[in-house]
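Structure file coords.txt (compact mmCIF, C-alpha atoms and all ligand atoms) is printed below.
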# COMPACT_ATOMS: atom_id res chain seq x y z
CA MET I 212 -6.95 -43.26 56.77
CA ILE I 213 -5.10 -40.37 55.17
CA GLU I 214 -7.60 -37.57 55.16
CA LEU I 215 -7.02 -33.88 54.69
CA ASN I 216 -8.82 -31.55 57.04
CA SER I 217 -11.55 -29.52 55.47
CA SER I 218 -9.81 -26.12 55.31
CA ASP I 219 -8.93 -25.30 51.73
CA PRO I 220 -5.35 -26.13 50.82
CA ILE I 221 -3.23 -23.08 50.11
CA ASN I 222 -2.28 -22.82 46.49
CA TYR I 223 1.45 -22.83 46.75
CA ASP I 224 3.16 -21.38 43.72
CA LEU I 225 6.81 -22.16 43.17
CA ASP I 226 7.31 -18.97 41.20
CA SER I 227 6.47 -16.76 44.15
CA PRO I 228 9.40 -15.84 46.40
CA THR I 229 9.96 -18.60 48.93
CA ASP I 230 10.47 -17.78 52.56
CA THR I 231 13.94 -19.09 53.20
CA ILE I 232 14.77 -21.64 55.86
CA SER I 233 18.10 -21.70 57.57
CA SER I 234 18.00 -25.06 59.29
CA PHE I 235 16.81 -28.53 58.59
CA PRO I 236 13.75 -29.57 60.63
CA ARG I 237 13.93 -33.03 62.21
CA LEU I 238 10.52 -34.59 62.68
CA THR I 239 9.44 -37.19 65.20
CA GLN I 240 6.51 -39.57 65.50
CA THR I 241 4.16 -36.85 66.68
CA ILE I 242 3.70 -35.12 63.33
CA SER I 243 0.30 -35.78 61.71
CA TYR I 244 -0.22 -36.40 58.01
CA ASP I 245 -2.09 -33.13 57.77
CA GLU I 246 0.76 -31.18 59.32
CA PHE I 247 3.30 -32.74 56.96
CA PHE I 248 0.99 -32.02 54.04
CA ARG I 249 0.59 -28.32 54.94
CA ASN I 250 4.10 -27.55 56.13
CA TYR I 251 6.29 -29.62 53.84
CA LEU I 252 4.47 -30.97 50.78
CA GLU I 253 2.53 -27.78 50.05
CA LYS I 254 5.30 -25.42 51.11
CA ASN I 255 7.86 -27.54 49.26
CA LYS I 256 10.31 -27.49 52.18
CA PRO I 257 12.79 -30.24 53.09
CA CYS I 258 12.91 -32.11 56.39
CA ILE I 259 14.24 -35.28 58.02
CA PHE I 260 12.23 -37.96 59.83
CA SER I 261 13.89 -39.53 62.84
CA SER I 262 15.09 -43.13 62.72
CA GLY I 263 12.11 -44.39 64.77
CA PHE I 264 9.98 -44.30 61.62
CA THR I 265 11.99 -47.08 59.99
CA SER I 266 12.94 -49.15 63.04
CA GLU I 267 10.48 -51.94 62.20
CA TRP I 268 11.58 -52.35 58.59
CA ARG I 269 12.80 -55.79 57.61
CA ALA I 270 15.65 -54.14 55.67
CA ARG I 271 16.94 -52.51 58.84
CA SER I 272 17.46 -55.86 60.50
CA ASP I 273 18.11 -58.29 57.64
CA TRP I 274 20.37 -56.09 55.52
CA VAL I 275 22.63 -54.90 58.34
CA THR I 276 25.10 -56.77 60.59
CA PRO I 277 24.95 -56.37 64.40
CA ILE I 278 27.70 -53.73 64.19
CA GLY I 279 25.62 -51.64 61.78
CA ILE I 280 27.38 -52.24 58.45
CA PRO I 281 25.86 -53.70 55.25
CA ASP I 282 25.45 -57.48 55.47
CA VAL I 283 26.95 -58.19 52.07
CA GLU I 284 26.89 -61.98 52.54
CA TYR I 285 23.15 -61.83 53.02
CA PHE I 286 22.80 -59.90 49.75
CA VAL I 287 24.88 -62.45 47.83
CA ASP I 288 22.88 -65.27 49.35
CA GLN I 289 19.43 -63.77 48.69
CA PHE I 290 19.87 -61.68 45.54
CA GLY I 291 23.31 -62.62 44.15
CA ASP I 292 22.09 -63.26 40.60
CA ALA I 293 20.10 -60.03 40.29
CA ASN I 294 21.19 -57.63 37.54
CA VAL I 295 21.85 -54.22 39.07
CA PRO I 296 22.80 -50.81 37.63
CA VAL I 297 26.17 -49.54 38.80
CA ALA I 298 27.56 -46.05 38.31
CA ASP I 299 31.23 -45.21 38.11
CA CYS I 300 31.63 -42.15 40.36
CA ASP I 301 34.80 -41.09 38.51
CA GLN I 302 33.35 -41.19 34.99
CA LYS I 303 31.24 -38.22 34.03
CA HIS I 304 28.62 -39.05 31.40
CA TYR I 305 26.89 -35.81 30.30
CA ASP I 306 25.36 -34.49 33.55
CA SER I 307 25.54 -37.79 35.46
CA GLN I 308 27.80 -40.81 35.97
CA GLU I 309 28.51 -43.60 33.51
CA LYS I 310 26.44 -46.70 34.30
CA LYS I 311 26.92 -50.42 33.65
CA THR I 312 24.93 -53.52 34.58
CA PHE I 313 26.50 -55.94 37.09
CA LYS I 314 25.41 -59.15 38.74
CA LEU I 315 24.88 -58.21 42.37
CA LYS I 316 27.38 -60.86 43.51
CA ASP I 317 30.07 -59.32 41.27
CA TYR I 318 29.37 -55.87 42.67
CA ILE I 319 29.63 -57.24 46.22
CA GLN I 320 32.92 -58.91 45.30
CA TYR I 321 34.22 -55.52 44.19
CA TRP I 322 32.92 -53.96 47.41
CA ASN I 323 34.58 -56.63 49.58
CA GLY I 324 37.81 -55.96 47.70
CA LEU I 325 37.75 -52.34 48.82
CA ARG I 326 37.93 -53.51 52.46
CA GLU I 327 38.59 -50.55 54.64
CA THR I 328 39.85 -48.29 51.87
CA SER I 329 37.44 -45.57 50.87
CA CYS I 330 36.70 -44.50 47.30
CA GLY I 331 39.43 -42.32 45.92
CA GLU I 332 42.11 -44.97 46.34
CA LYS I 333 40.39 -47.46 44.01
CA GLN I 334 37.69 -47.25 41.38
CA CYS I 335 34.53 -45.96 43.05
CA LEU I 336 31.41 -47.87 41.99
CA TYR I 337 27.95 -46.98 43.27
CA LEU I 338 24.97 -49.31 42.86
CA LYS I 339 22.03 -47.00 42.24
CA ASP I 340 18.48 -47.04 40.92
CA TRP I 341 18.01 -50.77 41.55
CA HIS I 342 14.28 -51.46 41.06
CA PHE I 343 14.21 -53.69 44.10
CA VAL I 344 10.43 -53.88 44.67
CA GLN I 345 9.87 -54.66 41.02
CA ALA I 346 12.44 -57.47 41.18
CA TYR I 347 11.28 -58.87 44.55
CA PRO I 348 7.62 -57.81 44.98
CA ASP I 349 6.93 -60.22 47.86
CA TYR I 350 10.07 -59.62 49.89
CA GLY I 351 8.62 -56.79 52.04
CA ALA I 352 11.85 -54.90 52.79
CA TYR I 353 10.03 -51.78 54.04
CA THR I 354 6.72 -49.98 54.36
CA THR I 355 6.42 -46.57 52.71
CA LEU I 356 5.75 -43.96 55.41
CA GLN I 357 2.20 -42.61 55.40
CA TYR I 358 3.50 -39.09 54.61
CA PHE I 359 4.63 -40.33 51.19
CA ALA I 360 1.56 -42.45 50.46
CA SER I 361 -0.15 -40.06 48.06
CA ASP I 362 2.10 -41.14 45.22
CA TRP I 363 0.58 -40.87 41.75
CA LEU I 364 3.73 -41.89 39.91
CA ASN I 365 4.11 -45.30 41.52
CA GLU I 366 0.34 -45.78 41.54
CA PHE I 367 0.36 -45.23 37.76
CA TRP I 368 3.12 -47.77 37.22
CA GLN I 369 1.47 -50.25 39.53
CA VAL I 370 -1.83 -50.32 37.65
CA ARG I 371 -0.26 -50.10 34.23
CA ASN I 372 0.18 -53.49 32.61
CA ASP I 373 1.68 -52.64 29.20
CA ILE I 374 5.17 -51.75 30.50
CA GLN I 375 6.78 -52.64 33.83
CA ASP I 376 8.49 -49.79 35.59
CA ASP I 377 8.41 -47.83 38.82
CA TYR I 378 10.24 -45.18 40.83
CA GLN I 379 11.16 -47.28 43.86
CA PHE I 380 14.87 -47.86 44.28
CA VAL I 381 17.63 -49.30 46.42
CA TYR I 382 21.06 -47.64 46.50
CA MET I 383 24.21 -49.11 48.00
CA GLY I 384 27.70 -47.75 47.87
CA PRO I 385 31.01 -47.56 49.68
CA LYS I 386 32.19 -44.63 51.74
CA GLY I 387 33.07 -41.83 49.31
CA SER I 388 30.55 -42.76 46.59
CA TRP I 389 28.39 -39.83 45.60
CA THR I 390 25.63 -38.46 43.36
CA PRO I 391 26.31 -35.28 41.34
CA PHE I 392 24.34 -32.04 41.67
CA HIS I 393 20.86 -32.47 40.16
CA ALA I 394 17.11 -31.98 40.58
CA ASP I 395 14.95 -35.08 40.36
CA VAL I 396 13.21 -36.54 37.31
CA PHE I 397 10.02 -34.65 36.23
CA ARG I 398 10.75 -32.30 39.17
CA SER I 399 9.29 -35.00 41.40
CA TYR I 400 9.73 -35.17 45.16
CA SER I 401 11.94 -37.87 46.54
CA TRP I 402 12.32 -39.50 49.91
CA SER I 403 15.41 -41.43 50.87
CA ALA I 404 15.92 -43.58 53.98
CA ASN I 405 19.28 -44.82 55.25
CA VAL I 406 18.98 -48.51 56.04
CA CYS I 407 22.55 -48.21 57.33
CA GLY I 408 25.34 -45.69 56.92
CA ARG I 409 25.25 -41.88 56.71
CA LYS I 410 24.91 -39.33 53.93
CA ARG I 411 25.86 -35.70 53.55
CA TRP I 412 23.37 -33.61 51.56
CA VAL I 413 23.72 -30.13 50.08
CA PHE I 414 20.56 -28.40 48.87
CA TYR I 415 19.69 -25.25 46.96
CA PRO I 416 16.06 -23.99 46.72
CA PRO I 417 14.26 -23.90 43.33
CA GLY I 418 15.53 -21.17 41.05
CA GLU I 419 18.96 -20.84 42.69
CA ASP I 420 20.40 -23.35 40.21
CA GLN I 421 20.34 -20.60 37.58
CA TYR I 422 23.40 -19.08 39.32
CA LEU I 423 25.16 -22.43 39.48
CA ARG I 424 25.36 -22.92 35.71
CA ASP I 425 28.15 -22.24 33.26
CA PRO I 426 27.67 -19.70 30.42
CA PHE I 427 26.12 -22.50 28.29
CA GLY I 428 23.48 -23.21 30.92
CA THR I 429 24.97 -26.51 32.13
CA PRO I 430 24.63 -26.90 35.91
CA ILE I 431 27.76 -27.47 37.99
CA TYR I 432 28.50 -31.22 38.30
CA ASP I 433 30.21 -31.15 41.68
CA ILE I 434 29.08 -28.43 44.05
CA ASP I 435 32.34 -28.79 46.06
CA SER I 436 34.45 -28.14 42.95
CA SER I 437 36.85 -25.18 43.07
CA ASP I 438 35.54 -24.29 39.57
CA LEU I 439 32.60 -22.63 41.30
CA SER I 440 34.82 -19.83 42.60
CA ASP I 441 36.30 -19.28 39.14
CA SER I 442 34.16 -16.46 37.76
CA SER I 443 35.21 -17.21 34.19
CA LYS I 444 33.59 -20.65 34.53
CA TYR I 445 30.60 -19.83 36.76
CA PRO I 446 30.15 -16.04 36.49
CA ARG I 447 26.98 -15.87 38.62
CA ALA I 448 27.87 -18.39 41.34
CA ALA I 449 28.34 -15.72 44.00
CA SER I 450 24.64 -14.81 43.73
CA ALA I 451 23.37 -18.27 44.69
CA SER I 452 21.72 -18.24 48.11
CA GLY I 453 19.75 -20.50 50.42
CA ARG I 454 22.30 -23.34 50.54
CA LEU I 455 21.43 -25.95 53.17
CA GLU I 456 23.61 -28.77 54.34
CA VAL I 457 22.67 -31.73 56.51
CA ILE I 458 24.05 -35.07 57.66
CA GLN I 459 21.49 -37.87 57.47
CA GLU I 460 22.14 -40.58 60.06
CA GLN I 461 21.39 -44.29 59.97
CA GLY I 462 17.64 -45.01 59.91
CA GLU I 463 16.68 -41.41 59.11
CA THR I 464 14.51 -40.51 56.11
CA ILE I 465 14.99 -37.29 54.19
CA PHE I 466 12.25 -35.52 52.26
CA VAL I 467 13.58 -33.83 49.10
CA PRO I 468 11.11 -31.24 47.78
CA SER I 469 10.35 -30.59 44.10
CA GLY I 470 12.88 -28.72 42.03
CA TRP I 471 15.44 -28.37 44.83
CA HIS I 472 18.88 -29.15 43.41
CA HIS I 473 20.95 -31.39 45.62
CA GLN I 474 24.18 -33.37 45.83
CA VAL I 475 24.74 -36.42 48.03
CA TRP I 476 27.83 -38.16 49.47
CA ASN I 477 27.99 -41.47 51.33
CA LEU I 478 30.08 -40.78 54.44
CA GLU I 479 30.24 -44.51 55.24
CA ASP I 480 29.30 -47.73 53.49
CA THR I 481 25.62 -46.99 53.01
CA ILE I 482 22.41 -48.67 51.87
CA SER I 483 19.39 -46.52 51.19
CA ILE I 484 15.87 -46.91 49.86
CA ASN I 485 14.24 -44.14 47.90
CA HIS I 486 11.16 -43.27 45.87
CA ASN I 487 10.40 -40.48 43.45
CA TRP I 488 6.84 -39.29 43.42
CA LEU I 489 4.32 -36.77 42.16
CA ASN I 490 0.95 -35.90 43.63
CA GLY I 491 -1.54 -33.05 43.93
CA THR I 492 0.95 -30.80 45.73
CA ASN I 493 3.66 -30.84 43.06
CA ILE I 494 1.79 -31.70 39.86
CA GLN I 495 1.69 -28.02 38.85
CA VAL I 496 5.47 -27.88 39.11
CA ALA I 497 5.74 -31.07 37.01
CA TRP I 498 3.38 -29.65 34.38
CA ARG I 499 5.36 -26.41 34.07
CA PHE I 500 8.58 -28.35 33.78
CA LEU I 501 7.09 -30.49 31.00
CA VAL I 502 6.06 -27.35 29.10
CA GLU I 503 9.48 -25.80 29.62
CA SER I 504 11.13 -29.00 28.37
CA LEU I 505 8.96 -28.97 25.23
CA ASN I 506 9.87 -25.32 24.64
CA GLN I 507 13.53 -26.27 24.81
CA VAL I 508 13.05 -29.16 22.37
CA GLU I 509 11.22 -26.87 19.93
CA PHE I 510 13.97 -24.30 20.21
CA ALA I 511 16.64 -26.93 19.58
CA ILE I 512 15.06 -28.15 16.33
CA GLN I 513 13.45 -24.94 15.13
CA ASP I 514 15.49 -25.11 11.91
CA CYS I 515 13.55 -28.24 10.90
CA LYS I 516 10.11 -26.73 11.38
CA ASP I 517 9.14 -27.54 7.77
CA MET I 518 9.73 -31.25 8.16
CA ASP I 519 6.91 -33.80 8.08
CA ASP I 520 5.16 -34.13 11.45
CA TRP I 521 7.39 -31.64 13.27
CA VAL I 522 4.99 -31.70 16.21
CA GLY I 523 5.29 -35.50 16.46
CA GLN I 524 9.08 -35.29 16.25
CA CYS I 525 9.12 -32.77 19.09
CA GLN I 526 7.04 -35.14 21.22
CA LEU I 527 9.42 -37.98 20.42
CA LEU I 528 12.40 -35.89 21.49
CA LEU I 529 10.53 -34.78 24.59
CA ARG I 530 10.04 -38.43 25.53
CA VAL I 531 13.75 -39.10 25.08
CA THR I 532 15.09 -36.04 26.90
CA HIS I 533 12.44 -35.52 29.57
CA GLY I 534 11.27 -39.12 30.04
CA MET I 535 7.62 -38.36 29.25
CA ASP I 536 5.67 -36.72 26.43
CA TYR I 537 2.30 -34.91 26.52
CA LYS I 538 0.32 -38.06 25.78
CA GLU I 539 1.97 -40.02 28.54
CA PHE I 540 1.50 -37.16 30.99
CA TYR I 541 -2.18 -37.18 30.07
CA THR I 542 -2.48 -40.99 30.37
CA PHE I 543 -0.88 -40.67 33.80
CA LEU I 544 -3.39 -38.01 34.93
CA ARG I 545 -6.28 -39.98 33.45
CA THR I 546 -5.31 -43.21 35.25
CA VAL I 547 -5.04 -41.38 38.57
CA ALA I 548 -8.31 -39.47 38.02
CA LEU I 549 -10.38 -42.50 36.96
CA ARG I 550 -9.31 -44.45 40.04
CA ARG I 551 -10.46 -41.59 42.27
CA ILE I 552 -13.73 -41.12 40.42
CA SER I 553 -14.47 -44.81 40.73
CA CYS I 554 -13.67 -44.92 44.47
CA LEU I 555 -15.77 -41.81 45.12
CA ASN I 556 -18.70 -43.25 43.15
CA GLU I 557 -18.50 -46.49 45.10
CA ASN I 558 -17.90 -44.63 48.37
CA LYS I 559 -14.66 -46.54 48.99
CA PRO I 560 -11.24 -45.27 50.11
CA LEU I 561 -8.29 -45.72 47.78
CA VAL I 562 -5.59 -48.07 49.05
CA SER I 563 -1.99 -47.03 48.57
CA PHE I 564 1.11 -49.26 48.98
CA ASP I 565 -1.26 -51.97 50.32
CA VAL I 566 -1.55 -50.30 53.75
CA TRP I 567 -2.64 -46.67 53.52
CA SER I 568 -6.15 -45.48 52.73
CA ILE I 569 -6.60 -42.22 50.86
CA GLY I 570 -9.89 -40.69 52.06
CA LYS I 571 -12.62 -38.74 50.31
CA ASN I 572 -11.30 -35.21 50.96
CA HIS I 573 -7.92 -36.22 49.67
CA MET I 574 -9.38 -37.73 46.49
CA LEU I 575 -11.42 -34.56 45.87
CA TYR I 576 -8.29 -32.47 46.40
CA ASP I 577 -6.45 -34.68 43.89
CA LEU I 578 -9.22 -34.28 41.32
CA LYS I 579 -9.10 -30.49 41.68
CA LYS I 580 -5.40 -30.52 40.89
CA ILE I 581 -5.93 -32.80 37.89
CA GLN I 582 -8.71 -30.49 36.71
CA TRP I 583 -6.22 -27.60 36.79
CA CYS I 584 -3.69 -29.61 34.76
CA LEU I 585 -6.26 -30.61 32.15
CA GLU I 586 -7.28 -26.98 31.74
CA GLN I 587 -3.64 -26.07 31.12
CA LEU I 588 -3.21 -28.96 28.69
CA LEU I 589 -6.31 -27.97 26.73
CA ASN I 590 -5.15 -24.36 26.61
CA ASP I 591 -1.88 -25.43 25.02
CA GLU I 592 -2.68 -25.18 21.32
CA ARG I 593 0.16 -27.59 20.56
CA ILE I 594 -2.00 -30.57 21.55
CA ASP I 595 -4.19 -29.99 18.45
CA GLY I 596 -1.28 -31.21 16.32
CA ILE I 597 -0.61 -34.32 18.39
CA LYS I 598 -2.26 -37.26 16.64
CA ASP I 599 -2.55 -39.33 19.83
CA PHE I 600 -5.16 -36.96 21.23
CA SER I 601 -7.68 -37.54 18.45
CA ASP I 602 -9.61 -40.36 20.22
CA ASP I 603 -12.96 -38.85 21.37
CA GLU I 604 -13.72 -41.36 24.11
CA ASN I 605 -10.37 -40.79 25.87
CA HIS I 606 -10.02 -37.11 25.03
CA PRO I 607 -8.97 -34.68 27.79
CA VAL I 608 -12.20 -32.70 27.20
CA LYS I 609 -14.24 -35.76 28.15
CA LEU I 610 -12.13 -36.42 31.27
CA LEU I 611 -12.38 -32.77 32.30
CA ASP I 612 -16.17 -33.01 32.01
CA ASP I 613 -16.27 -36.14 34.14
CA ILE I 614 -14.10 -34.56 36.83
CA THR I 615 -16.14 -31.36 36.84
CA THR I 616 -19.31 -33.42 37.32
CA VAL I 617 -17.80 -35.24 40.33
CA LEU I 618 -16.49 -32.03 41.88
CA SER I 619 -19.79 -30.25 41.52
O1 LIG Z 701 21.58 -41.13 47.75
C1 LIG Z 701 22.01 -40.69 46.69
O2 LIG Z 701 23.15 -40.90 46.29
C2 LIG Z 701 21.12 -39.84 45.80
C3 LIG Z 701 19.72 -39.75 46.28
C4 LIG Z 701 18.93 -38.69 45.59
O3 LIG Z 701 19.39 -37.94 44.79
C5 LIG Z 701 17.51 -38.56 45.93
O4 LIG Z 701 16.99 -39.32 46.78
O5 LIG Z 701 16.84 -37.68 45.34
FE FE Z 702 17.86 -36.76 43.79

Take the structure I supplied and represent it as structure tokens, if you would.
Ligand SMILES: O=C(O)CCC(=O)C(=O)O
Ligand SMILES: [Fe+2]
Amino acid sequence: MIELNSSDPINYDLDSPTDTISSFPRLTQTISYDEFFRNYLEKNKPCIFSSGFTSEWRARSDWVTPIGIPDVEYFVDQFGDANVPVADCDQKHYDSQEKKTFKLKDYIQYWNGLRETSCGEKQCLYLKDWHFVQAYPDYGAYTTLQYFASDWLNEFWQVRNDIQDDYQFVYMGPKGSWTPFHADVFRSYSWSANVCGRKRWVFYPPGEDQYLRDPFGTPIYDIDSSDLSDSSKYPRAASASGRLEVIQEQGETIFVPSGWHHQVWNLEDTISINHNWLNGTNIQVAWRFLVESLNQVEFAIQDCKDMDDWVGQCQLLLRVTHGMDYKEFYTFLRTVALRRISCLNENKPLVSFDVWSIGKNHMLYDLKKIQWCLEQLLNDERIDGIKDFSDDENHPVKLLDDITTVLS
């Protein structure tokens, strides 16, 4: 049972100055859920879990040969016809890499063709963001660690039956493949476990990315690029501080906090599993980022303010650029809240990823955070113009009332 102790959670605010950390903590089996919650989720600090946490995963035996390299034959045999997204590490597409869809067996054929050569000598293709659990729900490749079990984002997608999606991915790529400098979608957390292979990570704490942007506000694409020391291109780069670098070994799982920019390189042929997630400890960050994204959209199309349904157009653009609009953010909060209210009323724990139970204290904590978000949403006068919020029965005011009743 995942249960928070009764002391009141500290209200961590990402805007307040963060105490810097100079090294990367490595955690072992002895850390409790509560300790991880207080010291890493709430404080928004990165860490690495030792390989013992993943040693029992099916993926770690079935996906890897006895000498510790990806078992590509097994992949062709089991999943060869799967359609998988593949990024070209040499082709920049806006702020990320150009992506195409491959059959897995064709990707593996490419990979086999690389043999011992690393990327750089041939085209460098990186299979990323493969929705593996969605494609093979009964395969059981891994069990999400308990520390990452309070996951509203994947819970939302799991109970939602109108559209199929999730934030649970498999990555596989040759030595030399890499992911450009970025912060994660919605400013979510991510965790990433190396089934085999090794990765190099570079991190900057929230806010430092402002110094790592060009005069147009575009963040640097490759943090190792010599452009960063060219002050005509990145005039404020010298002010960036708090850089952390770590090598993640086979079997280890890294925790990537909210809003930390990072870049990742595969140092060997590597397979990893990762999730993005939001919960009560980073939902405030996600809300502020949504508001900031809407402000940017409004600024970008301010010239068209007289057009029909400008508010609706802004929401549409928000959905395209940010991945979520206000209504969807609300539907997400509502789904999560109603599940907790129902479990609390029936005096039942909430089951997460089929194995973890979220206890009463945790559900109350979650509801408090959702209450805060709803208050913010209702204070944002822009929701009055959004047609989707006109339904009385599902209105945020009604949900806020229901939550307040439960909490009192
Ligand atoms: O492993 C990679 O290439 C990228 C992973 C990543 O960015 C993440 O887990 O947030
Ligand atoms: Fe990331």

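Minimum atom-to-atom distance to His472 (chain I), evaluated using only C-alpha atoms, belongs to I:Leu455 out of I:Val283, I:Leu618, I:Val566, I:Leu455.
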
Item to check | Nearby polymer residues, ligand FE 702 (chain Z), at most 10 Å, only C-alpha atoms and all ligand atoms, as number ranges by chain | outcome: I: 390-396, 398-403, 467-475, 485-487

Item to check | Å distance separating CA of Glu479 (chain I) from CA of Tyr415 (chain I), one decimal place | outcome: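 So the answer is 23.5 Å.
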
Next on the checklist: What's around region 334-342 of chain I at 8 Å? Count all atoms listed in the file, leave out sequence neighbours fewer than 5 positions away in its own chain, and write the answer as a PyMOL selection string.
Outcome noted: chain I and resi 295-301+318+377-385+387-389

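Here CA of Ser233 (chain I) and CA of Val457 (chain I) stand 11.1 Å from one another.
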
Checklist entry - What does the distance between CA of Leu529 (chain I) and CA of Leu588 (chain I) come to in Å, to one decimal place? => result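 Computing it gives 15.5 Å between the two atoms.
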
Near Ala360 (chain I), within 9 Å and counting all atoms listed in the file, which residues show up once chain neighbours fewer than 4 positions away are dropped, as a PDB file with C-alpha atoms, keeping the file's coordinate frame?
ATOM      1  CA  ILE I 213      -5.100 -40.370  55.170  1.00  0.00           C
ATOM      2  CA  THR I 355       6.420 -46.570  52.710  1.00  0.00           C
ATOM      3  CA  LEU I 356       5.750 -43.960  55.410  1.00  0.00           C
ATOM      4  CA  SER I 563      -1.990 -47.030  48.570  1.00  0.00           C
ATOM      5  CA  PHE I 564       1.110 -49.260  48.980  1.00  0.00           C
ATOM      6  CA  TRP I 567      -2.640 -46.670  53.520  1.00  0.00           C
ATOM      7  CA  SER I 568      -6.150 -45.480  52.730  1.00  0.00           C
ATOM      8  CA  ILE I 569      -6.600 -42.220  50.860  1.00  0.00           C
TER       9      ILE I 569
END

Item to check | Polymer residues at most 12 Å from Arg551 (chain I), only C-alpha atoms, same-chain spacing of 5 or more positions, as a PyMOL selection string | outcome: chain I and resi 361+363+366+544-546+556-563+568-579+581+613-614+617-618

Item to check | Residues near region 533-543 of chain I, cut-off 10 Å, all atoms listed in the file, skip fewer than 4 positions along chain, as a PyMOL selection string | outcome: chain I and resi 363-364+366-368+371+396-397+497-498+500-502+504-505+508+525-529+547-548+581+584-585+588+593-594+597-600+605-607

Next on the checklist: Between I:Asn323, I:Gln308, I:Gln369, I:Gln513, which residue has the minimum interatomic distance to ligand LIG 701 (chain Z), considering all atoms listed in the file?
Outcome noted: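 Among the listed residues, the smallest separation from ligand LIG 701 (chain Z) belongs to I:Gln308.
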
Checklist entry - Using all atoms listed in the file, which residue out of I:Asp292, I:Glu267, I:Glu592, I:Asp520 lies closest to Gly462 (chain I)? => result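 Nearest candidate to Gly462 (chain I) out of I:Asp292, I:Glu267, I:Glu592, I:Asp520: I:Glu267.
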
Checklist entry - Can you list, as a ChimeraX atom specification, every protein, DNA or RNA residue that comes within 8 Å of region 405-413 of chain I when you count only C-alpha atoms, leaving out same-chain residues fewer than 4 positions away? => result /I:270-271,274-275,279-281,454-464,473-484

Repaired coordinates for region 411-425 of chain I (N, CA and C atoms) as a PDB file, keeping the file's coordinate frame:
ATOM      1  N   ARG I 411      25.809 -37.168  53.469  1.00  0.00           N
ATOM      2  CA  ARG I 411      25.860 -35.700  53.550  1.00  0.00           C
ATOM      3  C   ARG I 411      25.077 -35.164  52.357  1.00  0.00           C
ATOM      4  N   TRP I 412      24.189 -34.210  52.614  1.00  0.00           N
ATOM      5  CA  TRP I 412      23.370 -33.610  51.560  1.00  0.00           C
ATOM      6  C   TRP I 412      23.631 -32.105  51.490  1.00  0.00           C
ATOM      7  N   VAL I 413      23.720 -31.585  50.287  1.00  0.00           N
ATOM      8  CA  VAL I 413      23.720 -30.130  50.080  1.00  0.00           C
ATOM      9  C   VAL I 413      22.528 -29.794  49.191  1.00  0.00           C
ATOM     10  N   PHE I 414      21.765 -28.798  49.598  1.00  0.00           N
ATOM     11  CA  PHE I 414      20.560 -28.400  48.870  1.00  0.00           C
ATOM     12  C   PHE I 414      20.595 -26.925  48.461  1.00  0.00           C
ATOM     13  N   TYR I 415      19.997 -26.639  47.324  1.00  0.00           N
ATOM     14  CA  TYR I 415      19.690 -25.250  46.960  1.00  0.00           C
ATOM     15  C   TYR I 415      18.208 -25.154  46.590  1.00  0.00           C
ATOM     16  N   PRO I 416      17.496 -24.120  47.031  1.00  0.00           N
ATOM     17  CA  PRO I 416      16.060 -23.990  46.720  1.00  0.00           C
ATOM     18  C   PRO I 416      15.818 -23.800  45.224  1.00  0.00           C
ATOM     19  N   PRO I 417      14.580 -24.058  44.761  1.00  0.00           N
ATOM     20  CA  PRO I 417      14.260 -23.900  43.330  1.00  0.00           C
ATOM     21  C   PRO I 417      14.627 -22.510  42.841  1.00  0.00           C
ATOM     22  N   GLY I 418      15.180 -22.454  41.665  1.00  0.00           N
ATOM     23  CA  GLY I 418      15.530 -21.170  41.050  1.00  0.00           C
ATOM     24  C   GLY I 418      16.978 -20.797  41.273  1.00  0.00           C
ATOM     25  N   GLU I 419      17.567 -21.234  42.395  1.00  0.00           N
ATOM     26  CA  GLU I 419      18.960 -20.840  42.690  1.00  0.00           C
ATOM     27  C   GLU I 419      19.943 -21.517  41.730  1.00  0.00           C
ATOM     28  N   ASP I 420      19.505 -22.627  41.120  1.00  0.00           N
ATOM     29  CA  ASP I 420      20.400 -23.350  40.210  1.00  0.00           C
ATOM     30  C   ASP I 420      20.804 -22.484  39.012  1.00  0.00           C
ATOM     31  N   GLN I 421      19.992 -21.465  38.714  1.00  0.00           N
ATOM     32  CA  GLN I 421      20.340 -20.600  37.580  1.00  0.00           C
ATOM     33  C   GLN I 421      21.723 -19.940  37.768  1.00  0.00           C
ATOM     34  N   TYR I 422      22.095 -19.715  39.043  1.00  0.00           N
ATOM     35  CA  TYR I 422      23.400 -19.080  39.320  1.00  0.00           C
ATOM     36  C   TYR I 422      24.539 -20.094  39.323  1.00  0.00           C
ATOM     37  N   LEU I 423      24.152 -21.372  39.328  1.00  0.00           N
ATOM     38  CA  LEU I 423      25.160 -22.430  39.480  1.00  0.00           C
ATOM     39  C   LEU I 423      25.367 -23.144  38.144  1.00  0.00           C
ATOM     40  N   ARG I 424      25.199 -22.375  37.069  1.00  0.00           N
ATOM     41  CA  ARG I 424      25.360 -22.920  35.710  1.00  0.00           C
ATOM     42  C   ARG I 424      26.502 -22.186  35.001  1.00  0.00           C
ATOM     43  N   ASP I 425      27.103 -22.884  34.043  1.00  0.00           N
ATOM     44  CA  ASP I 425      28.150 -22.240  33.260  1.00  0.00           C
ATOM     45  C   ASP I 425      27.499 -21.363  32.173  1.00  0.00           C
TER      46      ASP I 425
END
